[in-house]
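Engineer: Below is entry.pdb; it holds PDB, C-alpha atoms, pLDDT in the B column.
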ATOM      1  CA  MET A   1      48.616 -15.025  30.946  1.00 60.00           C
ATOM      2  CA  LEU A   2      51.996 -16.795  31.041  1.00 62.00           C
ATOM      3  CA  ARG A   3      54.282 -14.083  29.703  1.00 61.00           C
ATOM      4  CA  HIS A   4      53.309 -11.409  32.250  1.00 60.00           C
ATOM      5  CA  VAL A   5      55.525 -11.424  35.334  1.00 59.00           C
ATOM      6  CA  GLY A   6      56.270  -9.127  38.248  1.00 54.00           C
ATOM      7  CA  THR A   7      54.466  -5.791  38.355  1.00 55.00           C
ATOM      8  CA  LYS A   8      52.979  -6.371  34.887  1.00 62.00           C
ATOM      9  CA  ARG A   9      50.977  -9.302  36.219  1.00 65.00           C
ATOM     10  CA  THR A  10      47.377  -8.790  37.359  1.00 72.00           C
ATOM     11  CA  ASN A  11      44.825 -10.932  39.162  1.00 72.00           C
ATOM     12  CA  THR A  12      43.042 -11.420  35.831  1.00 78.00           C
ATOM     13  CA  HIS A  13      46.159 -13.068  34.394  1.00 77.00           C
ATOM     14  CA  ASN A  14      46.296 -15.392  37.409  1.00 78.00           C
ATOM     15  CA  VAL A  15      42.607 -16.306  37.122  1.00 83.00           C
ATOM     16  CA  ARG A  16      43.023 -17.194  33.434  1.00 81.00           C
ATOM     17  CA  LEU A  17      46.087 -19.277  34.268  1.00 80.00           C
ATOM     18  CA  ALA A  18      44.271 -21.026  37.117  1.00 83.00           C
ATOM     19  CA  THR A  19      41.294 -21.744  34.851  1.00 85.00           C
ATOM     20  CA  LEU A  20      43.179 -23.459  32.028  1.00 87.00           C
ATOM     21  CA  LEU A  21      45.944 -25.252  33.916  1.00 88.00           C
ATOM     22  CA  GLY A  22      43.639 -26.097  36.823  1.00 89.00           C
ATOM     23  CA  LEU A  23      41.457 -27.919  34.300  1.00 91.00           C
ATOM     24  CA  THR A  24      44.516 -29.773  33.013  1.00 93.00           C
ATOM     25  CA  ALA A  25      45.715 -30.806  36.475  1.00 92.00           C
ATOM     26  CA  GLY A  26      42.263 -31.924  37.614  1.00 92.00           C
ATOM     27  CA  PHE A  27      41.831 -33.960  34.438  1.00 94.00           C
ATOM     28  CA  VAL A  28      45.204 -35.677  34.807  1.00 94.00           C
ATOM     29  CA  ASN A  29      44.565 -36.326  38.503  1.00 93.00           C
ATOM     30  CA  ALA A  30      41.270 -38.159  37.891  1.00 94.00           C
ATOM     31  CA  ALA A  31      42.149 -39.893  34.605  1.00 93.00           C
ATOM     32  CA  GLY A  32      45.582 -40.887  35.907  1.00 92.00           C
ATOM     33  CA  PHE A  33      44.064 -42.409  39.045  1.00 92.00           C
ATOM     34  CA  LEU A  34      41.492 -44.381  37.055  1.00 92.00           C
ATOM     35  CA  ALA A  35      44.161 -45.537  34.611  1.00 90.00           C
ATOM     36  CA  PHE A  36      46.955 -46.491  37.004  1.00 89.00           C
ATOM     37  CA  SER A  37      45.422 -46.341  40.521  1.00 88.00           C
ATOM     38  CA  VAL A  38      48.046 -43.719  41.363  1.00 87.00           C
ATOM     39  CA  LEU A  39      47.699 -40.057  42.314  1.00 87.00           C
ATOM     40  CA  THR A  40      49.625 -38.310  39.562  1.00 86.00           C
ATOM     41  CA  THR A  41      49.450 -34.592  40.422  1.00 85.00           C
ATOM     42  CA  ASN A  42      51.021 -34.394  43.897  1.00 83.00           C
ATOM     43  CA  VAL A  43      53.305 -36.367  46.222  1.00 87.00           C
ATOM     44  CA  THR A  44      51.571 -35.915  49.599  1.00 84.00           C
ATOM     45  CA  GLY A  45      49.915 -39.328  49.532  1.00 86.00           C
ATOM     46  CA  HIS A  46      53.055 -40.933  48.161  1.00 89.00           C
ATOM     47  CA  ALA A  47      55.020 -39.877  51.247  1.00 90.00           C
ATOM     48  CA  ALA A  48      52.633 -41.850  53.463  1.00 90.00           C
ATOM     49  CA  LEU A  49      52.666 -44.808  51.063  1.00 89.00           C
ATOM     50  CA  PHE A  50      56.464 -44.763  50.998  1.00 91.00           C
ATOM     51  CA  ALA A  51      56.615 -44.859  54.802  1.00 93.00           C
ATOM     52  CA  GLU A  52      54.077 -47.695  54.919  1.00 91.00           C
ATOM     53  CA  ARG A  53      55.984 -49.786  52.360  1.00 91.00           C
ATOM     54  CA  ILE A  54      59.218 -49.247  54.295  1.00 94.00           C
ATOM     55  CA  ALA A  55      57.504 -50.349  57.516  1.00 94.00           C
ATOM     56  CA  MET A  56      56.146 -53.440  55.716  1.00 91.00           C
ATOM     57  CA  GLN A  57      59.623 -54.085  54.269  1.00 91.00           C
ATOM     58  CA  ASP A  58      58.163 -53.998  50.774  1.00 91.00           C
ATOM     59  CA  TRP A  59      61.346 -52.625  49.261  1.00 91.00           C
ATOM     60  CA  LYS A  60      60.286 -53.049  45.650  1.00 90.00           C
ATOM     61  CA  THR A  61      57.174 -50.882  45.960  1.00 89.00           C
ATOM     62  CA  ALA A  62      59.009 -48.416  48.207  1.00 92.00           C
ATOM     63  CA  ARG A  63      61.610 -47.957  45.467  1.00 92.00           C
ATOM     64  CA  VAL A  64      58.886 -47.230  42.900  1.00 91.00           C
ATOM     65  CA  VAL A  65      57.152 -44.694  45.163  1.00 91.00           C
ATOM     66  CA  ALA A  66      60.493 -43.009  45.886  1.00 93.00           C
ATOM     67  CA  LEU A  67      61.090 -42.787  42.129  1.00 93.00           C
ATOM     68  CA  TRP A  68      57.671 -41.139  41.636  1.00 92.00           C
ATOM     69  CA  MET A  69      58.460 -38.488  44.257  1.00 93.00           C
ATOM     70  CA  PHE A  70      61.846 -37.898  42.665  1.00 95.00           C
ATOM     71  CA  LEU A  71      60.287 -37.513  39.195  1.00 94.00           C
ATOM     72  CA  PHE A  72      57.874 -34.851  40.468  1.00 94.00           C
ATOM     73  CA  LEU A  73      60.860 -33.054  42.002  1.00 94.00           C
ATOM     74  CA  ALA A  74      62.846 -33.469  38.776  1.00 95.00           C
ATOM     75  CA  GLY A  75      60.010 -31.975  36.745  1.00 94.00           C
ATOM     76  CA  ALA A  76      59.866 -28.958  39.049  1.00 92.00           C
ATOM     77  CA  PHE A  77      63.643 -28.548  38.880  1.00 94.00           C
ATOM     78  CA  ILE A  78      63.841 -28.743  35.087  1.00 93.00           C
ATOM     79  CA  SER A  79      60.959 -26.310  34.610  1.00 91.00           C
ATOM     80  CA  SER A  80      62.558 -23.826  36.991  1.00 89.00           C
ATOM     81  CA  PHE A  81      65.960 -24.258  35.343  1.00 89.00           C
ATOM     82  CA  ILE A  82      64.542 -23.598  31.880  1.00 87.00           C
ATOM     83  CA  VAL A  83      62.611 -20.484  32.909  1.00 84.00           C
ATOM     84  CA  SER A  84      65.303 -19.036  35.205  1.00 82.00           C
ATOM     85  CA  TRP A  85      68.483 -19.779  33.266  1.00 80.00           C
ATOM     86  CA  ILE A  86      68.016 -21.068  29.733  1.00 74.00           C
ATOM     87  CA  GLY A  87      65.069 -18.763  29.178  1.00 65.00           C
ATOM     88  CA  ARG A  88      66.465 -15.704  30.898  1.00 58.00           C
ATOM     89  CA  ASN A  89      67.034 -13.913  27.592  1.00 53.00           C
ATOM     90  CA  GLN A  90      64.243 -15.586  25.647  1.00 60.00           C
ATOM     91  CA  ARG A  91      60.804 -14.102  25.282  1.00 62.00           C
ATOM     92  CA  TYR A  92      58.879 -17.378  25.341  1.00 68.00           C
ATOM     93  CA  SER A  93      60.841 -19.407  27.865  1.00 75.00           C
ATOM     94  CA  TYR A  94      57.610 -20.769  29.358  1.00 82.00           C
ATOM     95  CA  VAL A  95      56.824 -22.486  26.043  1.00 85.00           C
ATOM     96  CA  ILE A  96      59.479 -25.170  26.577  1.00 87.00           C
ATOM     97  CA  PRO A  97      58.062 -26.685  29.842  1.00 90.00           C
ATOM     98  CA  ILE A  98      54.529 -26.582  28.397  1.00 90.00           C
ATOM     99  CA  LEU A  99      55.699 -28.353  25.239  1.00 91.00           C
ATOM    100  CA  ILE A 100      57.481 -31.044  27.289  1.00 93.00           C
ATOM    101  CA  GLU A 101      54.309 -31.587  29.323  1.00 94.00           C
ATOM    102  CA  THR A 102      52.252 -31.755  26.120  1.00 94.00           C
ATOM    103  CA  VAL A 103      54.550 -34.396  24.611  1.00 94.00           C
ATOM    104  CA  ILE A 104      54.291 -36.529  27.766  1.00 95.00           C
ATOM    105  CA  LEU A 105      50.484 -36.374  27.815  1.00 95.00           C
ATOM    106  CA  LEU A 106      50.401 -37.089  24.092  1.00 94.00           C
ATOM    107  CA  ALA A 107      52.611 -40.154  24.626  1.00 93.00           C
ATOM    108  CA  VAL A 108      50.238 -41.439  27.328  1.00 93.00           C
ATOM    109  CA  ALA A 109      47.231 -40.842  25.062  1.00 94.00           C
ATOM    110  CA  LEU A 110      48.840 -42.734  22.161  1.00 92.00           C
ATOM    111  CA  GLY A 111      50.734 -45.422  24.073  1.00 90.00           C
ATOM    112  CA  GLY A 112      48.425 -46.066  27.009  1.00 87.00           C
ATOM    113  CA  TYR A 113      46.874 -49.100  25.334  1.00 84.00           C
ATOM    114  CA  LYS A 114      50.162 -50.920  26.008  1.00 85.00           C
ATOM    115  CA  TYR A 115      49.630 -50.640  29.773  1.00 84.00           C
ATOM    116  CA  ASP A 116      49.209 -54.143  31.172  1.00 80.00           C
ATOM    117  CA  GLY A 117      48.938 -53.401  34.905  1.00 76.00           C
ATOM    118  CA  SER A 118      52.447 -54.575  35.739  1.00 81.00           C
ATOM    119  CA  LEU A 119      54.546 -52.679  38.273  1.00 78.00           C
ATOM    120  CA  VAL A 120      57.053 -51.730  35.580  1.00 82.00           C
ATOM    121  CA  ASP A 121      54.367 -50.212  33.357  1.00 84.00           C
ATOM    122  CA  LYS A 122      52.780 -48.447  36.310  1.00 84.00           C
ATOM    123  CA  GLU A 123      56.196 -47.092  37.267  1.00 86.00           C
ATOM    124  CA  LEU A 124      56.713 -45.755  33.744  1.00 90.00           C
ATOM    125  CA  PHE A 125      53.289 -44.270  32.980  1.00 91.00           C
ATOM    126  CA  ALA A 126      52.476 -42.858  36.431  1.00 91.00           C
ATOM    127  CA  GLY A 127      56.031 -41.556  36.768  1.00 92.00           C
ATOM    128  CA  SER A 128      55.800 -39.698  33.475  1.00 94.00           C
ATOM    129  CA  LEU A 129      52.572 -37.986  34.577  1.00 94.00           C
ATOM    130  CA  LEU A 130      54.124 -37.000  37.910  1.00 94.00           C
ATOM    131  CA  PHE A 131      57.088 -35.533  36.050  1.00 95.00           C
ATOM    132  CA  ALA A 132      54.700 -33.562  33.810  1.00 94.00           C
ATOM    133  CA  MET A 133      52.764 -32.223  36.792  1.00 93.00           C
ATOM    134  CA  GLY A 134      56.015 -31.236  38.490  1.00 92.00           C
ATOM    135  CA  LEU A 135      56.867 -29.243  35.367  1.00 92.00           C
ATOM    136  CA  GLN A 136      53.481 -27.528  35.385  1.00 91.00           C
ATOM    137  CA  ASN A 137      53.376 -26.786  39.104  1.00 90.00           C
ATOM    138  CA  SER A 138      56.817 -25.196  39.078  1.00 89.00           C
ATOM    139  CA  LEU A 139      56.104 -23.153  35.944  1.00 88.00           C
ATOM    140  CA  VAL A 140      52.792 -21.813  37.242  1.00 85.00           C
ATOM    141  CA  SER A 141      54.288 -20.994  40.619  1.00 84.00           C
ATOM    142  CA  MET A 142      57.212 -19.085  39.078  1.00 82.00           C
ATOM    143  CA  VAL A 143      55.114 -17.199  36.546  1.00 79.00           C
ATOM    144  CA  SER A 144      52.502 -16.145  39.119  1.00 77.00           C
ATOM    145  CA  GLY A 145      54.971 -15.313  41.881  1.00 72.00           C
ATOM    146  CA  SER A 146      53.904 -18.338  43.979  1.00 73.00           C
ATOM    147  CA  VAL A 147      50.281 -17.130  43.960  1.00 75.00           C
ATOM    148  CA  VAL A 148      48.834 -19.921  41.799  1.00 78.00           C
ATOM    149  CA  ARG A 149      49.279 -23.658  42.414  1.00 78.00           C
ATOM    150  CA  THR A 150      47.252 -25.875  40.100  1.00 80.00           C
ATOM    151  CA  THR A 151      48.216 -29.493  40.807  1.00 78.00           C
ATOM    152  CA  HIS A 152      46.837 -29.858  44.353  1.00 79.00           C
ATOM    153  CA  LEU A 153      44.169 -28.189  46.492  1.00 84.00           C
ATOM    154  CA  THR A 154      45.336 -28.591  50.113  1.00 83.00           C
ATOM    155  CA  GLY A 155      47.075 -25.232  50.327  1.00 83.00           C
ATOM    156  CA  THR A 156      44.373 -23.574  48.210  1.00 86.00           C
ATOM    157  CA  PHE A 157      41.586 -24.655  50.585  1.00 89.00           C
ATOM    158  CA  THR A 158      43.681 -23.472  53.539  1.00 90.00           C
ATOM    159  CA  ASP A 159      44.309 -20.049  51.966  1.00 87.00           C
ATOM    160  CA  LEU A 160      40.645 -19.725  50.999  1.00 89.00           C
ATOM    161  CA  GLY A 161      39.537 -20.466  54.548  1.00 92.00           C
ATOM    162  CA  ILE A 162      41.917 -17.850  55.958  1.00 91.00           C
ATOM    163  CA  GLU A 163      40.844 -15.203  53.449  1.00 88.00           C
ATOM    164  CA  LEU A 164      37.121 -15.871  53.965  1.00 90.00           C
ATOM    165  CA  ALA A 165      37.622 -15.347  57.694  1.00 89.00           C
ATOM    166  CA  GLN A 166      39.524 -12.117  57.041  1.00 87.00           C
ATOM    167  CA  VAL A 167      37.088 -10.640  54.518  1.00 84.00           C
ATOM    168  CA  ILE A 168      34.128 -10.778  56.921  1.00 84.00           C
ATOM    169  CA  GLN A 169      36.034  -8.750  59.506  1.00 81.00           C
ATOM    170  CA  LYS A 170      34.974  -5.120  59.740  1.00 74.00           C
ATOM    171  CA  ASN A 171      37.159  -2.099  59.120  1.00 76.00           C
ATOM    172  CA  ARG A 172      39.708  -3.824  56.887  1.00 75.00           C
ATOM    173  CA  ASP A 173      41.486  -1.649  54.344  1.00 76.00           C
ATOM    174  CA  ASP A 174      42.500  -4.589  52.149  1.00 76.00           C
ATOM    175  CA  ARG A 175      38.971  -5.898  51.467  1.00 78.00           C
ATOM    176  CA  ALA A 176      39.314  -5.448  47.681  1.00 82.00           C
ATOM    177  CA  THR A 177      42.589  -7.391  47.655  1.00 83.00           C
ATOM    178  CA  LEU A 178      41.061 -10.172  49.747  1.00 86.00           C
ATOM    179  CA  LYS A 179      38.074 -10.453  47.398  1.00 87.00           C
ATOM    180  CA  ALA A 180      40.443 -10.755  44.434  1.00 86.00           C
ATOM    181  CA  ARG A 181      42.345 -13.535  46.196  1.00 86.00           C
ATOM    182  CA  ILE A 182      39.111 -15.332  47.093  1.00 89.00           C
ATOM    183  CA  LYS A 183      38.061 -15.140  43.441  1.00 89.00           C
ATOM    184  CA  LEU A 184      41.390 -16.680  42.415  1.00 88.00           C
ATOM    185  CA  ARG A 185      41.252 -19.507  45.011  1.00 89.00           C
ATOM    186  CA  SER A 186      37.662 -20.263  44.036  1.00 90.00           C
ATOM    187  CA  ALA A 187      38.624 -20.427  40.341  1.00 89.00           C
ATOM    188  CA  ILE A 188      41.464 -22.879  41.078  1.00 89.00           C
ATOM    189  CA  ILE A 189      39.171 -25.157  43.114  1.00 91.00           C
ATOM    190  CA  LEU A 190      36.228 -24.938  40.694  1.00 92.00           C
ATOM    191  CA  PHE A 191      38.193 -25.668  37.539  1.00 91.00           C
ATOM    192  CA  PHE A 192      40.328 -28.362  39.157  1.00 92.00           C
ATOM    193  CA  MET A 193      37.098 -30.124  40.148  1.00 93.00           C
ATOM    194  CA  CYS A 194      35.612 -29.581  36.671  1.00 93.00           C
ATOM    195  CA  GLY A 195      38.757 -31.041  35.133  1.00 93.00           C
ATOM    196  CA  ALA A 196      38.584 -34.024  37.480  1.00 94.00           C
ATOM    197  CA  LEU A 197      34.947 -34.691  36.550  1.00 95.00           C
ATOM    198  CA  CYS A 198      35.723 -34.423  32.841  1.00 94.00           C
ATOM    199  CA  GLY A 199      38.740 -36.699  33.270  1.00 94.00           C
ATOM    200  CA  ALA A 200      36.707 -39.350  35.078  1.00 94.00           C
ATOM    201  CA  TYR A 201      33.856 -39.325  32.566  1.00 94.00           C
ATOM    202  CA  LEU A 202      35.983 -39.176  29.433  1.00 95.00           C
ATOM    203  CA  PHE A 203      38.343 -41.917  30.610  1.00 94.00           C
ATOM    204  CA  ARG A 204      35.378 -44.226  31.224  1.00 92.00           C
ATOM    205  CA  PHE A 205      34.198 -43.807  27.633  1.00 92.00           C
ATOM    206  CA  MET A 206      37.383 -43.100  25.697  1.00 92.00           C
ATOM    207  CA  GLY A 207      40.112 -44.838  27.666  1.00 92.00           C
ATOM    208  CA  PHE A 208      43.589 -43.413  27.199  1.00 92.00           C
ATOM    209  CA  HIS A 209      42.460 -41.294  24.262  1.00 94.00           C
ATOM    210  CA  ALA A 210      40.873 -39.063  26.901  1.00 94.00           C
ATOM    211  CA  PHE A 211      44.339 -37.614  27.503  1.00 94.00           C
ATOM    212  CA  PHE A 212      43.995 -35.769  24.193  1.00 95.00           C
ATOM    213  CA  ALA A 213      41.738 -33.334  26.085  1.00 94.00           C
ATOM    214  CA  PRO A 214      44.474 -31.869  28.362  1.00 94.00           C
ATOM    215  CA  VAL A 215      46.804 -31.822  25.330  1.00 94.00           C
ATOM    216  CA  ALA A 216      44.245 -29.607  23.567  1.00 93.00           C
ATOM    217  CA  ILE A 217      43.998 -27.324  26.619  1.00 91.00           C
ATOM    218  CA  LEU A 218      47.774 -26.889  26.743  1.00 91.00           C
ATOM    219  CA  PHE A 219      47.941 -26.105  23.022  1.00 89.00           C
ATOM    220  CA  PHE A 220      45.199 -23.521  23.466  1.00 88.00           C
ATOM    221  CA  THR A 221      47.126 -21.973  26.380  1.00 85.00           C
ATOM    222  CA  LEU A 222      50.216 -21.520  24.209  1.00 83.00           C
ATOM    223  CA  ILE A 223      48.322 -20.308  21.157  1.00 82.00           C
ATOM    224  CA  TYR A 224      46.326 -17.828  23.257  1.00 76.00           C
ATOM    225  CA  ASP A 225      49.470 -16.173  24.581  1.00 70.00           C
ATOM    226  CA  ILE A 226      51.581 -16.269  21.412  1.00 68.00           C
ATOM    227  CA  PHE A 227      48.926 -15.194  18.919  1.00 67.00           C
ATOM    228  CA  ARG A 228      47.550 -12.557  21.259  1.00 63.00           C
ATOM    229  CA  ILE A 229      50.961 -10.893  21.212  1.00 54.00           C
ATOM    230  CA  GLN A 230      51.176 -11.127  17.422  1.00 56.00           C
ATOM    231  CA  ILE A 231      47.678  -9.678  16.952  1.00 53.00           C
ATOM    232  CA  LYS A 232      48.481  -6.742  19.243  1.00 55.00           C
ATOM    233  CA  ARG A 233      51.670  -6.058  17.293  1.00 56.00           C
ATOM    234  CA  TYR A 234      49.728  -6.157  14.009  1.00 50.00           C
ATOM    235  CA  TYR A 235      47.190  -3.591  15.175  1.00 51.00           C
ATOM    236  CA  ARG A 236      49.933  -1.357  16.542  1.00 57.00           C
ATOM    237  CA  GLN A 237      51.671  -1.421  13.151  1.00 58.00           C
ATOM    238  CA  LEU A 238      48.382  -0.485  11.466  1.00 55.00           C
ATOM    239  CA  GLN A 239      47.887   2.400  13.858  1.00 59.00           C
ATOM    240  CA  ASN A 240      51.448   3.775  13.647  1.00 61.00           C
ATOM    241  CA  PRO A 241      51.099   5.381  10.160  1.00 53.00           C
ATOM    242  CA  PHE A 242      47.972   7.234  11.281  1.00 48.00           C
ATOM    243  CA  LYS A 243      49.707   8.431  14.438  1.00 48.00           C
ATOM    244  CA  LYS A 244      52.644   9.758  12.441  1.00 45.00           C
ATOM    245  CA  ASN A 245      50.365  11.674  10.099  1.00 44.00           C
TER     246      ASN A 245
END
Turn the structure described in the file into structure tokens.
Structural biologist:
Amino acid sequence: MLRHVGTKRTNTHNVRLATLLGLTAGFVNAAGFLAFSVLTTNVTGHAALFAERIAMQDWKTARVVALWMFLFLAGAFISSFIVSWIGRNQRYSYVIPILIETVILLAVALGGYKYDGSLVDKELFAGSLLFAMGLQNSLVSMVSGSVVRTTHLTGTFTDLGIELAQVIQKNRDDRATLKARIKLRSAIILFFMCGALCGAYLFRFMGFHAFFAPVAILFFTLIYDIFRIQIKRYYRQLQNPFKKN
């Protein structure tokens, strides 16, 4: 799911990735908004807010919004740096960004009760979630070859609309490919929305402890990939003696 890249990667791998990390992003988007009144999975709205605060000469808020955009960018940069350079010769380079994201979400789940609504606290907590989502968005994009984006839906809805228009055209040779892409876009949208609904409901009843849910999803994502490899190796070792005989 995460370890397959290039020609080894299939649409099934991308759908699995979109399912799990789309759930995570949708959850963080809804729970983060309810917790801090800030969109924490993308920076599109922050660009407009930044411009408005500049126009209103509200320099303090403008500085905070600029910091949030920078933190999302920093998360994307660090994730890309780890996978491309530090992890170039490592088998599980994707584990590091996922672990960093997990630690951030775990810190919010455990320390969120300290949030008092002040601008400083909002700057800290919302900024950390934006950094985590920058990490995830960059990692998913690199692993999938820029096919999967899980932290926002604007581009996904656009691509889905284009592909739906194309698939109903007659005499197309790429109909199977288009259907696979439509399946992927639909999975991203569906599970992002499911994650958002779960995030909204769980945060209402559990407060910041609701953030344990995306932590569990991320742990499952890592365990699924790592242990799946180990299990395959184990069965291959069992089969080798029989093949030799």
Engineer: Residues picked by the PyMOL selection byres ((chain A and resi 146) around 12) here, as a PyMOL selection string?
Structural biologist: chain A and resi 5-6+14+137-145+147-150+155-156
Engineer: Go through the shown structure with the PyMOL selection byres ((chain A and resi 164) around 12) and write out the matching residues as a PyMOL selection string.
Structural biologist: chain A and resi 157-163+165-169+175+177-183+185-186
Engineer: Can you turn the PyMOL selection byres ((chain A and resi 217) around 12) into a concrete residue list for this file, as a count of residues only?
Structural biologist: 30
Engineer: So how many Å separate CA of Val103 in chain A and CA of Gln136 in chain A, to one decimal?
Structural biologist: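 Computing the Euclidean distance for CA of Val103 in chain A and CA of Gln136 in chain A yields 12.8 Å.
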Engineer: Tell me which protein, DNA and RNA residues are within 12 Å of range 112-127 of chain A, counting only C-alpha atoms, leaving out same-chain ones fewer than 4 positions away, and put them as a VMD selection string.
Structural biologist: chain A and resid 28 to 29 31 to 43 46 60 to 75 104 to 108 131 to 134 203 206 to 212
Engineer: One number please: CA of Thr154 in chain A to CA of Cys194 in chain A, in Å, one decimal.
Structural biologist: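 One can read the CA of Thr154 in chain A to CA of Cys194 in chain A distance as 16.6 Å.
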Engineer: Let me know the centre plus edge lengths, in Å and rounded to one decimal, of a box with edges along x, y and z that contains all listed atoms of range 159-168 of chain A and is padded by 3 Å on every side, as AutoDock Vina command-line options.
Structural biologist:
--center_x 39.2 --center_y -15.6 --center_z 54.3 --size_x 16.2 --size_y 15.8 --size_z 12.7
Engineer: One decimal, Å: what's the distance from CA of Ser80 in chain A over to CA of Thr151 in chain A, could you say?
Structural biologist: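 One can read the CA of Ser80 in chain A to CA of Thr151 in chain A distance as 15.9 Å.
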Engineer: Pick out the closest residue to Val15 in chain A from this set: A:Phe77, A:Tyr94, A:Phe191, A:Trp85. Count only C-alpha atoms.
Structural biologist: A:Phe191
Engineer: Using all atoms listed in the file, which of the listed residues (A:Ser79, A:Leu49, A:Leu153, A:Thr44) sits closest to Phe192 in chain A?
Structural biologist: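 When distances to Phe192 in chain A are compared using all atoms listed in the file, the smallest one comes from A:Leu153.
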Engineer: In terms of the shortest atom-to-atom distance over only C-alpha atoms, which of A:Ile82, A:Leu190, A:Ala109, A:Ala18 is closest to Ile96 in chain A?
Structural biologist: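 Between A:Ile82, A:Leu190, A:Ala109, A:Ala18, the residue approaching Ile96 in chain A most closely is A:Ile82.
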